[in-house]
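Note: the block below is coords.csv and it holds CSV, C-alpha atoms and all ligand atoms.
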chain,number,residue,atom,x,y,z
A,8,PRO,CA,-10.4,-53.1,-34.3
A,9,ARG,CA,-11.7,-53.3,-30.7
A,10,LEU,CA,-13.0,-49.8,-30.9
A,11,ALA,CA,-14.5,-50.5,-34.3
A,12,ASN,CA,-16.3,-53.5,-33.0
A,13,GLN,CA,-17.8,-51.5,-30.2
A,14,ILE,CA,-19.3,-49.0,-32.5
A,15,ALA,CA,-22.5,-50.3,-33.8
A,16,ALA,CA,-22.0,-51.3,-37.4
A,17,GLY,CA,-25.0,-51.1,-39.7
A,18,GLU,CA,-25.7,-50.5,-43.3
A,19,VAL,CA,-26.1,-46.8,-43.8
A,20,VAL,CA,-26.7,-46.7,-47.5
A,21,GLU,CA,-30.3,-47.6,-48.3
A,22,ARG,CA,-31.2,-45.2,-51.0
A,23,PRO,CA,-29.9,-41.9,-52.6
A,24,ALA,CA,-31.4,-39.9,-49.6
A,25,SER,CA,-29.2,-41.8,-47.2
A,26,VAL,CA,-26.1,-41.0,-49.3
A,27,VAL,CA,-27.0,-37.4,-49.3
A,28,LYS,CA,-27.5,-37.3,-45.6
A,29,GLU,CA,-24.1,-38.9,-44.8
A,30,LEU,CA,-22.3,-36.6,-47.2
A,31,LEU,CA,-24.0,-33.4,-46.0
A,32,GLU,CA,-23.3,-34.4,-42.4
A,33,ASN,CA,-19.7,-34.9,-43.2
A,34,SER,CA,-19.6,-31.5,-44.9
A,35,LEU,CA,-21.2,-29.8,-41.9
A,36,ASP,CA,-18.8,-31.7,-39.6
A,37,ALA,CA,-16.0,-30.2,-41.7
A,38,GLY,CA,-17.3,-26.7,-40.9
A,39,ALA,CA,-18.8,-26.0,-44.4
A,40,THR,CA,-20.9,-22.9,-44.7
A,41,GLN,CA,-22.0,-23.5,-48.3
A,42,LEU,CA,-23.3,-26.8,-49.7
A,43,ASP,CA,-24.0,-27.3,-53.4
A,44,ILE,CA,-26.0,-30.4,-54.1
A,45,ASP,CA,-26.5,-31.7,-57.7
A,46,VAL,CA,-28.5,-34.8,-58.3
A,47,GLU,CA,-29.5,-36.7,-61.4
A,48,GLN,CA,-32.5,-39.0,-61.7
A,49,GLY,CA,-33.5,-38.8,-58.0
A,50,GLY,CA,-29.9,-39.3,-57.1
A,51,VAL,CA,-29.7,-42.8,-58.5
A,52,ARG,CA,-27.8,-41.8,-61.5
A,53,GLY,CA,-25.6,-39.3,-59.7
A,54,ILE,CA,-25.1,-37.3,-56.5
A,55,LYS,CA,-22.5,-34.5,-56.4
A,56,ILE,CA,-21.9,-32.5,-53.2
A,57,ARG,CA,-19.5,-29.7,-53.0
A,58,ASP,CA,-18.6,-28.0,-49.7
A,59,ASN,CA,-16.3,-25.2,-48.6
A,60,GLY,CA,-15.2,-27.0,-45.4
A,61,THR,CA,-11.7,-27.7,-44.1
A,62,GLY,CA,-11.0,-30.3,-46.8
A,63,ILE,CA,-9.1,-33.5,-46.6
A,64,GLU,CA,-5.3,-33.8,-46.7
A,65,LYS,CA,-3.7,-35.7,-49.5
A,66,GLU,CA,-2.5,-38.5,-47.3
A,67,ASP,CA,-5.9,-38.9,-45.8
A,68,LEU,CA,-7.9,-39.1,-49.1
A,69,SER,CA,-7.8,-42.8,-49.7
A,70,LEU,CA,-8.0,-43.5,-46.0
A,71,ALA,CA,-11.2,-41.6,-45.8
A,72,LEU,CA,-12.8,-44.3,-48.0
A,73,SER,CA,-11.7,-47.2,-45.9
A,74,ARG,CA,-14.0,-48.7,-43.2
A,75,HIS,CA,-13.7,-47.4,-39.7
A,76,ALA,CA,-11.5,-44.6,-40.7
A,77,THR,CA,-12.8,-41.6,-38.8
A,78,SER,CA,-11.0,-38.5,-37.8
A,79,LYS,CA,-13.6,-37.7,-35.2
A,80,ILE,CA,-13.0,-40.1,-32.3
A,81,VAL,CA,-9.8,-41.4,-31.0
A,82,THR,CA,-10.8,-43.2,-27.8
A,83,LEU,CA,-13.9,-44.8,-26.4
A,84,ASP,CA,-14.3,-41.9,-24.0
A,85,ASP,CA,-14.8,-39.7,-27.1
A,86,LEU,CA,-17.8,-41.8,-27.9
A,87,GLU,CA,-19.5,-40.4,-24.9
A,88,SER,CA,-19.0,-36.9,-25.8
A,89,VAL,CA,-19.3,-36.8,-29.6
A,90,CYS,CA,-20.9,-33.7,-30.9
A,91,THR,CA,-20.1,-34.2,-34.6
A,92,LEU,CA,-22.9,-35.7,-36.7
A,93,GLY,CA,-20.9,-38.7,-37.9
A,94,PHE,CA,-18.3,-40.6,-36.0
A,95,ARG,CA,-18.5,-44.3,-37.0
A,96,GLY,CA,-16.2,-44.0,-40.0
A,97,GLU,CA,-18.2,-46.2,-42.2
A,98,ALA,CA,-20.3,-43.9,-44.4
A,99,LEU,CA,-17.8,-43.1,-47.1
A,100,ALA,CA,-16.6,-46.7,-47.2
A,101,SER,CA,-20.2,-47.9,-47.5
A,102,ILE,CA,-21.1,-45.4,-50.2
A,103,SER,CA,-18.0,-46.1,-52.3
A,104,SER,CA,-18.6,-49.8,-52.1
A,105,VAL,CA,-21.9,-49.5,-53.9
A,106,SER,CA,-21.2,-46.6,-56.4
A,107,ARG,CA,-18.6,-45.1,-58.6
A,108,LEU,CA,-17.1,-42.4,-56.4
A,109,HIS,CA,-14.9,-39.4,-57.0
A,110,LEU,CA,-13.5,-37.6,-54.1
A,111,THR,CA,-11.7,-34.3,-54.7
A,112,SER,CA,-10.4,-32.0,-52.0
A,113,LEU,CA,-8.2,-29.0,-51.2
A,114,ALA,CA,-7.3,-29.0,-47.5
A,115,ALA,CA,-7.1,-25.7,-45.7
A,116,GLY,CA,-3.6,-24.2,-45.9
A,117,GLN,CA,-2.6,-26.4,-48.8
A,118,GLN,CA,-1.6,-25.3,-52.3
A,119,ALA,CA,-2.7,-28.3,-54.3
A,120,ALA,CA,-6.0,-30.2,-54.5
A,121,TRP,CA,-6.0,-34.0,-54.9
A,122,ARG,CA,-8.4,-36.6,-56.1
A,123,VAL,CA,-9.1,-40.3,-55.7
A,124,GLU,CA,-11.6,-42.5,-57.6
A,125,ALA,CA,-13.1,-45.7,-56.4
A,126,GLU,CA,-15.4,-48.1,-58.2
A,127,GLY,CA,-17.2,-50.6,-56.0
A,128,LYS,CA,-14.8,-52.0,-53.5
A,129,ASP,CA,-11.8,-51.1,-55.6
A,130,MET,CA,-9.7,-48.0,-55.7
A,131,VAL,CA,-9.3,-47.4,-59.4
A,132,THR,CA,-6.7,-44.7,-59.4
A,133,SER,CA,-3.9,-43.5,-57.2
A,134,VAL,CA,-4.1,-40.1,-55.8
A,135,LYS,CA,-4.0,-37.6,-58.6
A,136,PRO,CA,-3.5,-33.8,-58.7
A,137,ALA,CA,-6.8,-31.9,-59.3
A,138,SER,CA,-8.2,-28.4,-59.3
A,139,HIS,CA,-10.5,-27.4,-56.5
A,140,PRO,CA,-11.1,-24.4,-54.1
A,141,GLN,CA,-10.8,-25.1,-50.4
A,142,GLY,CA,-13.2,-27.8,-49.5
A,143,THR,CA,-14.4,-31.1,-50.8
A,144,THR,CA,-16.5,-32.4,-53.7
A,145,ILE,CA,-17.8,-35.9,-53.6
A,146,GLU,CA,-19.5,-37.4,-56.5
A,147,ALA,CA,-21.2,-40.8,-56.2
A,148,ARG,CA,-22.6,-42.2,-59.5
A,149,ASP,CA,-24.7,-45.2,-60.5
A,150,LEU,CA,-25.8,-46.2,-57.0
A,151,PHE,CA,-26.0,-50.0,-56.5
A,152,PHE,CA,-24.5,-50.6,-60.0
A,153,ASN,CA,-22.8,-53.7,-58.5
A,154,THR,CA,-25.6,-54.8,-56.2
A,155,PRO,CA,-28.7,-55.5,-58.4
A,156,ALA,CA,-30.6,-57.0,-55.4
A,157,ARG,CA,-30.5,-53.6,-53.6
A,158,ARG,CA,-31.1,-51.7,-56.8
A,159,LYS,CA,-34.4,-53.5,-57.0
A,160,PHE,CA,-35.6,-51.7,-53.9
A,161,LEU,CA,-35.2,-48.3,-55.3
A,162,ARG,CA,-38.5,-46.5,-56.1
A,163,THR,CA,-39.4,-44.1,-58.9
A,164,GLU,CA,-37.2,-41.1,-59.6
A,165,LYS,CA,-39.9,-38.9,-58.1
A,166,THR,CA,-40.1,-40.9,-54.9
A,167,GLU,CA,-36.3,-41.1,-54.4
A,168,PHE,CA,-36.0,-37.4,-55.1
A,169,ASN,CA,-38.7,-36.6,-52.5
A,170,HIS,CA,-36.8,-38.6,-49.9
A,171,LEU,CA,-33.6,-36.9,-50.8
A,172,GLU,CA,-35.2,-33.4,-50.7
A,173,GLU,CA,-36.6,-34.2,-47.2
A,174,VAL,CA,-33.1,-34.9,-46.0
A,175,VAL,CA,-31.9,-31.6,-47.4
A,176,LYS,CA,-34.9,-29.8,-45.9
A,177,ARG,CA,-34.3,-31.1,-42.4
A,178,LEU,CA,-30.6,-30.1,-42.5
A,179,ALA,CA,-31.5,-26.7,-44.0
A,180,LEU,CA,-34.0,-26.3,-41.1
A,181,SER,CA,-31.3,-27.2,-38.6
A,182,ARG,CA,-28.5,-24.9,-39.9
A,183,TYR,CA,-29.7,-21.4,-40.9
A,184,ASP,CA,-26.1,-20.3,-40.9
A,185,VAL,CA,-25.3,-22.5,-43.9
A,186,GLY,CA,-26.2,-22.0,-47.5
A,187,PHE,CA,-27.9,-24.8,-49.4
A,188,ARG,CA,-28.2,-25.0,-53.1
A,189,LEU,CA,-30.1,-28.0,-54.6
A,190,ASN,CA,-30.3,-28.9,-58.3
A,191,HIS,CA,-32.2,-31.8,-59.8
A,192,ASN,CA,-31.5,-32.8,-63.4
A,193,GLY,CA,-29.8,-29.5,-64.0
A,194,LYS,CA,-32.8,-27.5,-62.8
A,195,GLN,CA,-32.5,-25.4,-59.6
A,196,ILE,CA,-34.9,-26.4,-56.9
A,197,TYR,CA,-33.7,-23.8,-54.4
A,198,ASP,CA,-30.8,-21.6,-53.4
A,199,LEU,CA,-31.0,-20.9,-49.7
A,200,ARG,CA,-28.7,-18.1,-48.5
A,201,PRO,CA,-27.2,-18.3,-45.0
A,202,VAL,CA,-29.4,-16.4,-42.5
A,203,ALA,CA,-27.5,-14.5,-39.8
A,204,ASP,CA,-30.3,-14.5,-37.3
A,205,GLN,CA,-32.4,-17.6,-36.8
A,206,MET,CA,-35.5,-15.7,-36.0
A,207,HIS,CA,-35.3,-14.0,-39.4
A,208,ALA,CA,-35.5,-17.2,-41.3
A,209,GLU,CA,-38.9,-16.6,-42.8
A,210,HIS,CA,-37.6,-16.6,-46.3
A,211,ARG,CA,-36.0,-20.0,-45.9
A,212,LEU,CA,-39.1,-21.4,-44.2
A,213,ALA,CA,-41.4,-20.0,-47.0
A,214,THR,CA,-39.2,-21.6,-49.6
A,215,LEU,CA,-39.0,-25.0,-47.8
A,216,LEU,CA,-42.5,-25.2,-46.3
A,217,GLY,CA,-44.6,-22.8,-48.2
A,218,ARG,CA,-45.8,-19.3,-47.8
A,219,LYS,CA,-49.0,-20.4,-46.2
A,220,PHE,CA,-47.3,-22.0,-43.3
A,221,ILE,CA,-45.2,-19.1,-42.4
A,222,GLU,CA,-47.9,-16.5,-42.9
A,223,ASN,CA,-50.1,-18.2,-40.3
A,224,ALA,CA,-47.4,-19.4,-37.9
A,225,LEU,CA,-47.0,-18.0,-34.4
A,226,THR,CA,-43.4,-17.6,-33.2
A,227,ILE,CA,-42.3,-18.9,-29.8
A,228,ASP,CA,-39.1,-18.4,-27.8
A,229,VAL,CA,-39.3,-19.3,-24.2
A,230,GLU,CA,-36.8,-20.4,-21.6
A,231,ALA,CA,-37.1,-22.1,-18.2
A,232,ALA,CA,-35.2,-24.5,-16.0
A,233,GLY,CA,-32.4,-24.8,-18.5
A,234,LEU,CA,-34.7,-25.6,-21.4
A,235,ARG,CA,-35.3,-23.3,-24.4
A,236,LEU,CA,-38.0,-23.8,-26.9
A,237,TRP,CA,-38.2,-21.6,-30.0
A,238,GLY,CA,-39.5,-21.8,-33.5
A,239,TRP,CA,-42.9,-21.6,-35.3
A,240,ILE,CA,-46.2,-23.0,-34.3
A,241,GLY,CA,-48.5,-23.3,-37.3
A,242,LEU,CA,-52.2,-23.2,-36.9
A,243,PRO,CA,-53.9,-26.6,-37.3
A,244,THR,CA,-54.6,-27.4,-41.0
A,245,PHE,CA,-57.1,-29.4,-42.9
A,246,SER,CA,-54.6,-29.6,-45.8
A,247,ARG,CA,-53.5,-33.2,-46.2
A,248,SER,CA,-50.4,-32.0,-48.0
A,249,GLN,CA,-49.4,-30.1,-44.9
A,250,ALA,CA,-50.2,-32.9,-42.5
A,251,ASP,CA,-46.6,-34.0,-42.3
A,252,LEU,CA,-45.4,-30.5,-41.7
A,253,GLN,CA,-44.1,-31.4,-38.2
A,254,TYR,CA,-40.5,-30.8,-37.5
A,255,PHE,CA,-39.0,-31.1,-34.1
A,256,PHE,CA,-35.3,-30.6,-33.4
A,257,VAL,CA,-33.5,-31.4,-30.2
A,258,ASN,CA,-30.1,-29.7,-30.0
A,259,GLY,CA,-30.1,-29.3,-33.7
A,260,ARG,CA,-31.0,-32.8,-34.7
A,261,VAL,CA,-34.4,-33.8,-36.1
A,262,VAL,CA,-36.3,-36.3,-33.9
A,263,ARG,CA,-39.4,-38.3,-34.1
A,264,ASP,CA,-40.0,-39.0,-30.5
A,265,LYS,CA,-43.1,-40.3,-28.6
A,266,LEU,CA,-42.7,-38.1,-25.6
A,267,VAL,CA,-42.3,-35.0,-27.8
A,268,ALA,CA,-45.2,-36.0,-30.1
A,269,HIS,CA,-47.4,-36.6,-27.1
A,270,ALA,CA,-46.7,-33.3,-25.5
A,271,VAL,CA,-47.3,-31.4,-28.7
A,272,ARG,CA,-50.4,-33.2,-29.5
A,273,GLN,CA,-51.8,-32.6,-26.0
A,274,ALA,CA,-51.1,-28.9,-26.3
A,275,TYR,CA,-53.0,-28.7,-29.6
A,276,ARG,CA,-55.8,-30.8,-28.3
A,277,ASP,CA,-58.2,-28.0,-27.5
A,278,VAL,CA,-57.6,-26.3,-30.8
A,279,LEU,CA,-57.7,-29.4,-33.0
A,280,TYR,CA,-61.0,-30.4,-34.3
A,281,ASN,CA,-62.6,-31.9,-37.4
A,282,GLY,CA,-59.5,-33.8,-38.2
A,283,ARG,CA,-57.1,-30.9,-38.4
A,284,HIS,CA,-53.4,-31.6,-38.2
A,285,PRO,CA,-50.9,-29.6,-36.1
A,286,THR,CA,-48.0,-28.0,-38.0
A,287,PHE,CA,-44.8,-26.8,-36.4
A,288,VAL,CA,-41.1,-26.3,-36.7
A,289,LEU,CA,-39.8,-26.3,-33.2
A,290,TYR,CA,-36.3,-26.3,-31.6
A,291,LEU,CA,-35.6,-27.6,-28.1
A,292,GLU,CA,-32.3,-26.8,-26.7
A,293,LEU,CA,-31.0,-28.2,-23.5
A,294,ASP,CA,-27.8,-29.3,-21.8
A,295,PRO,CA,-26.5,-32.2,-23.9
A,296,ALA,CA,-25.6,-34.1,-20.8
A,297,THR,CA,-29.4,-34.4,-20.0
A,298,VAL,CA,-30.4,-36.0,-23.3
A,299,ASP,CA,-29.3,-39.0,-25.2
A,300,VAL,CA,-29.9,-38.5,-28.9
A,301,ASN,CA,-29.9,-42.0,-30.3
A,302,VAL,CA,-26.9,-42.4,-32.5
A,303,HIS,CA,-28.3,-45.0,-34.8
A,304,PRO,CA,-28.2,-43.5,-38.3
A,305,THR,CA,-31.9,-44.1,-39.1
A,306,LYS,CA,-33.6,-43.8,-35.7
A,307,HIS,CA,-34.6,-40.4,-34.4
A,308,GLU,CA,-35.5,-41.2,-30.9
A,309,VAL,CA,-34.2,-39.4,-27.8
A,310,ARG,CA,-34.0,-40.2,-24.2
A,311,PHE,CA,-34.4,-37.3,-21.8
A,312,ARG,CA,-32.9,-37.6,-18.3
A,313,ASP,CA,-36.0,-35.8,-16.9
A,314,GLY,CA,-38.7,-36.7,-19.4
A,315,ARG,CA,-41.5,-35.4,-17.2
A,316,LEU,CA,-39.9,-31.9,-17.0
A,317,VAL,CA,-39.4,-31.8,-20.8
A,318,HIS,CA,-42.9,-33.0,-21.4
A,319,ASP,CA,-44.5,-30.5,-19.1
A,320,PHE,CA,-42.4,-27.7,-20.4
A,321,LEU,CA,-43.3,-28.4,-24.0
A,322,PHE,CA,-47.0,-28.9,-23.3
A,323,SER,CA,-47.5,-25.8,-21.1
A,324,ARG,CA,-45.5,-23.5,-23.4
A,325,ILE,CA,-47.1,-24.6,-26.7
A,326,HIS,CA,-50.5,-24.7,-25.1
A,327,LYS,CA,-50.1,-21.1,-23.9
A,328,VAL,CA,-49.3,-19.8,-27.3
A,329,LEU,CA,-52.2,-21.6,-28.9
A,330,ALA,CA,-54.6,-20.6,-26.1
A,331,ASP,CA,-53.7,-16.9,-26.6
A,332,VAL,CA,-54.9,-16.9,-30.2
A,333,ARG,CA,-57.9,-19.1,-29.9
A,334,PRO,CA,-61.0,-17.2,-30.8
B,401,LIG,P1,-17.3,-40.4,-40.1
B,401,LIG,O1,-18.1,-39.2,-40.5
B,401,LIG,O2,-18.1,-41.3,-39.3
B,401,LIG,O3,-16.0,-40.0,-39.4
B,401,LIG,P2,-17.2,-41.1,-42.9
B,401,LIG,O4,-17.0,-42.4,-43.6
B,401,LIG,O5,-18.5,-40.4,-43.1
B,401,LIG,O6,-16.9,-41.3,-41.3
B,401,LIG,O7,-16.0,-40.1,-43.3
B,401,LIG,C1,-14.6,-40.6,-43.0
B,401,LIG,C2,-13.7,-39.4,-42.8
B,401,LIG,O8,-13.5,-38.7,-44.0
B,401,LIG,C3,-14.2,-38.4,-41.8
B,401,LIG,O9,-13.9,-38.7,-40.4
B,401,LIG,C4,-13.5,-37.1,-42.2
B,401,LIG,O10,-12.2,-37.1,-41.6
B,401,LIG,C5,-13.3,-37.3,-43.7
B,401,LIG,N1,-14.3,-36.6,-44.5
B,401,LIG,C6,-15.4,-37.1,-45.1
B,401,LIG,N2,-16.1,-36.1,-45.8
B,401,LIG,C7,-15.5,-35.0,-45.6
B,401,LIG,C8,-15.7,-33.6,-46.0
B,401,LIG,N3,-16.7,-33.3,-46.8
B,401,LIG,N4,-14.8,-32.7,-45.6
B,401,LIG,C9,-13.7,-33.0,-44.8
B,401,LIG,N5,-13.5,-34.3,-44.4
B,401,LIG,C10,-14.3,-35.3,-44.7
B,402,MG,MG,-19.7,-39.3,-41.7
Go ahead and express the file in the form of structure tokens.
Amino acid sequence: PRLANQIAAGEVVERPASVVKELLENSLDAGATQLDIDVEQGGVRGIKIRDNGTGIEKEDLSLALSRHATSKIVTLDDLESVCTLGFRGEALASISSVSRLHLTSLAAGQQAAWRVEAEGKDMVTSVKPASHPQGTTIEARDLFFNTPARRKFLRTEKTEFNHLEEVVKRLALSRYDVGFRLNHNGKQIYDLRPVADQMHAEHRLATLLGRKFIENALTIDVEAAGLRLWGWIGLPTFSRSQADLQYFFVNGRVVRDKLVAHAVRQAYRDVLYNGRHPTFVLYLELDPATVDVNVHPTKHEVRFRDGRLVHDFLFSRIHKVLADVRP
């Protein structure tokens, strides 16, 4: 309990998109290389995620649904060095407390798959035999069926689906080695195959961000002082629909950070005119010990040990790429 208290508690389930984010992060933490996502009515009616990860052992199945049950940290020291995406042990508990949840899994090395069902705060069945290939399927239905006050805050099907798709998009842009299949109301939205080499990810980028972006984008891959910056720098666009095409990842996690935003904007300044917007998909990699990626589930801020170094590196490298192509 002491450990649990020291880990910031917070409600992680706000809308279907947050459910999908937590479930996909769990699947990635479990080493999955293929993620199949099926949602109904923007995710409000149903979210089903199937992975081919390590699975969950029979005796851990119901435990996985209880609060502060995490297999990812054992001591407070682990907190300092977590590299898995989730570690607070509250996502599944939170999701199951506001939905009708089915959890089916076949753990690696086991012969039989097992399943548990929960409805709201109650476990409705004991652990039952099931049929499933190695990995886990989690189905959360009727989100907020038992909390009308929170259900009221849900937006239209289209809006909820857009949020949800954005979550999938960010993860798909952070893990090229993983396949992502997304269906909405039985219709396939996309089927992204794993990409062996990140720099050959154009197909995925075209699918997720549009052909126009990738056809006009400049590639970058530079390294200095322990920092590596790679990815795609789009040309500034007038298009309003592309104005939010700005993705920045630090050690694989998407961030929205002031220092980063400032450096990028400064670099674009000379080539930005008439209200054009920068567009980019960039990845910064650096020693994890020199950056603190905020672990709060909804914030995307980072703290760099040497902010000035990072700022100057980003600014100078992006500026150089843009200056080279400026007419
Ligand atoms: P956390 O991710 O913070 O540990 P969660 O509530 O998200 O907590 O998950 C609880 C536990 O359930 C995880 O620690 C993990 O052991 C197990 N788990 C959840 N989803 C999966 C999955 N898709 N594959 C394997 N194990 C899983
Ligand atoms: Mg988790």
Excluding region 179-191 of chain A and any residue of its chain fewer than 3 positions from it, enumerate the residues within 7 Å of it, using only C-alpha atoms, and give them as a PyMOL selection string. chain A and resi 40-47+175-176+194-203+205+259-260
With a distance cut-off of 10 Å and only C-alpha atoms, select the neighbouring residues of Ser138 (chain A), excluding the residue or stretch itself and same-chain residues fewer than 2 positions from it, and output the selection as a ChimeraX atom specification. /A:111-113,119-122,136,140-141
Which residue out of A:Glu172, A:Asp277, A:Asp251, A:Asp299 has the minimum interatomic distance to Lys327 (chain A) when all atoms listed in the file are used? A:Asp277
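Polymer residues near (-9.5, -43.5, -55.1): counting only C-alpha atoms with a cut-off of 7 Å, they are A:Ser69, A:Val123, A:Glu124, A:Ala125, A:Met130, A:Val131, A:Thr132, A:Ser133, A:Val134.
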With distances taken over all atoms listed in the file, which of A:Asp228, A:Glu222, A:Glu29, A:Asp67 is nearest to Leu242 (chain A)?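 The closest residue to Leu242 (chain A) is A:Glu222.
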Please reconstruct the missing atoms of region 103-115 of chain A (target: N, CA, C and O atoms) and return them as a PDB file, keeping the file's coordinate frame.
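Done, and the output landed in part03.pdb:
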ATOM      1  N   SER A 103     -18.865 -45.760 -51.139  1.00  0.00           N
ATOM      2  CA  SER A 103     -18.000 -46.100 -52.300  1.00  0.00           C
ATOM      3  C   SER A 103     -18.076 -47.550 -52.646  1.00  0.00           C
ATOM      4  O   SER A 103     -17.831 -47.898 -53.793  1.00  0.00           O
ATOM      5  N   SER A 104     -18.489 -48.402 -51.721  1.00  0.00           N
ATOM      6  CA  SER A 104     -18.600 -49.800 -52.100  1.00  0.00           C
ATOM      7  C   SER A 104     -19.777 -50.138 -52.965  1.00  0.00           C
ATOM      8  O   SER A 104     -19.856 -51.201 -53.544  1.00  0.00           O
ATOM      9  N   VAL A 105     -20.717 -49.196 -53.076  1.00  0.00           N
ATOM     10  CA  VAL A 105     -21.900 -49.500 -53.900  1.00  0.00           C
ATOM     11  C   VAL A 105     -22.094 -48.396 -55.000  1.00  0.00           C
ATOM     12  O   VAL A 105     -23.190 -48.214 -55.513  1.00  0.00           O
ATOM     13  N   SER A 106     -21.003 -47.672 -55.330  1.00  0.00           N
ATOM     14  CA  SER A 106     -21.200 -46.600 -56.400  1.00  0.00           C
ATOM     15  C   SER A 106     -19.819 -46.426 -57.074  1.00  0.00           C
ATOM     16  O   SER A 106     -18.810 -47.039 -56.732  1.00  0.00           O
ATOM     17  N   ARG A 107     -19.840 -45.532 -58.037  1.00  0.00           N
ATOM     18  CA  ARG A 107     -18.600 -45.100 -58.600  1.00  0.00           C
ATOM     19  C   ARG A 107     -18.334 -43.701 -58.017  1.00  0.00           C
ATOM     20  O   ARG A 107     -19.105 -42.761 -58.229  1.00  0.00           O
ATOM     21  N   LEU A 108     -17.287 -43.624 -57.229  1.00  0.00           N
ATOM     22  CA  LEU A 108     -17.100 -42.400 -56.400  1.00  0.00           C
ATOM     23  C   LEU A 108     -15.845 -41.645 -56.756  1.00  0.00           C
ATOM     24  O   LEU A 108     -14.774 -42.213 -56.978  1.00  0.00           O
ATOM     25  N   HIS A 109     -16.017 -40.338 -56.845  1.00  0.00           N
ATOM     26  CA  HIS A 109     -14.900 -39.400 -57.000  1.00  0.00           C
ATOM     27  C   HIS A 109     -14.823 -38.521 -55.818  1.00  0.00           C
ATOM     28  O   HIS A 109     -15.833 -37.940 -55.424  1.00  0.00           O
ATOM     29  N   LEU A 110     -13.642 -38.408 -55.261  1.00  0.00           N
ATOM     30  CA  LEU A 110     -13.500 -37.600 -54.100  1.00  0.00           C
ATOM     31  C   LEU A 110     -12.324 -36.589 -54.376  1.00  0.00           C
ATOM     32  O   LEU A 110     -11.196 -36.994 -54.648  1.00  0.00           O
ATOM     33  N   THR A 111     -12.656 -35.307 -54.389  1.00  0.00           N
ATOM     34  CA  THR A 111     -11.700 -34.300 -54.700  1.00  0.00           C
ATOM     35  C   THR A 111     -11.649 -33.273 -53.555  1.00  0.00           C
ATOM     36  O   THR A 111     -12.708 -32.882 -53.055  1.00  0.00           O
ATOM     37  N   SER A 112     -10.450 -32.865 -53.153  1.00  0.00           N
ATOM     38  CA  SER A 112     -10.400 -32.000 -52.000  1.00  0.00           C
ATOM     39  C   SER A 112      -9.168 -31.097 -51.992  1.00  0.00           C
ATOM     40  O   SER A 112      -8.090 -31.504 -52.440  1.00  0.00           O
ATOM     41  N   LEU A 113      -9.361 -29.891 -51.492  1.00  0.00           N
ATOM     42  CA  LEU A 113      -8.200 -29.000 -51.200  1.00  0.00           C
ATOM     43  C   LEU A 113      -8.310 -28.711 -49.698  1.00  0.00           C
ATOM     44  O   LEU A 113      -9.270 -28.100 -49.223  1.00  0.00           O
ATOM     45  N   ALA A 114      -7.299 -29.182 -48.961  1.00  0.00           N
ATOM     46  CA  ALA A 114      -7.300 -29.000 -47.500  1.00  0.00           C
ATOM     47  C   ALA A 114      -6.875 -27.543 -47.189  1.00  0.00           C
ATOM     48  O   ALA A 114      -6.061 -26.945 -47.906  1.00  0.00           O
ATOM     49  N   ALA A 115      -7.435 -27.024 -46.116  1.00  0.00           N
ATOM     50  CA  ALA A 115      -7.100 -25.700 -45.700  1.00  0.00           C
ATOM     51  C   ALA A 115      -5.587 -25.541 -45.516  1.00  0.00           C
ATOM     52  O   ALA A 115      -4.937 -26.431 -44.989  1.00  0.00           O
TER      53      ALA A 115
END
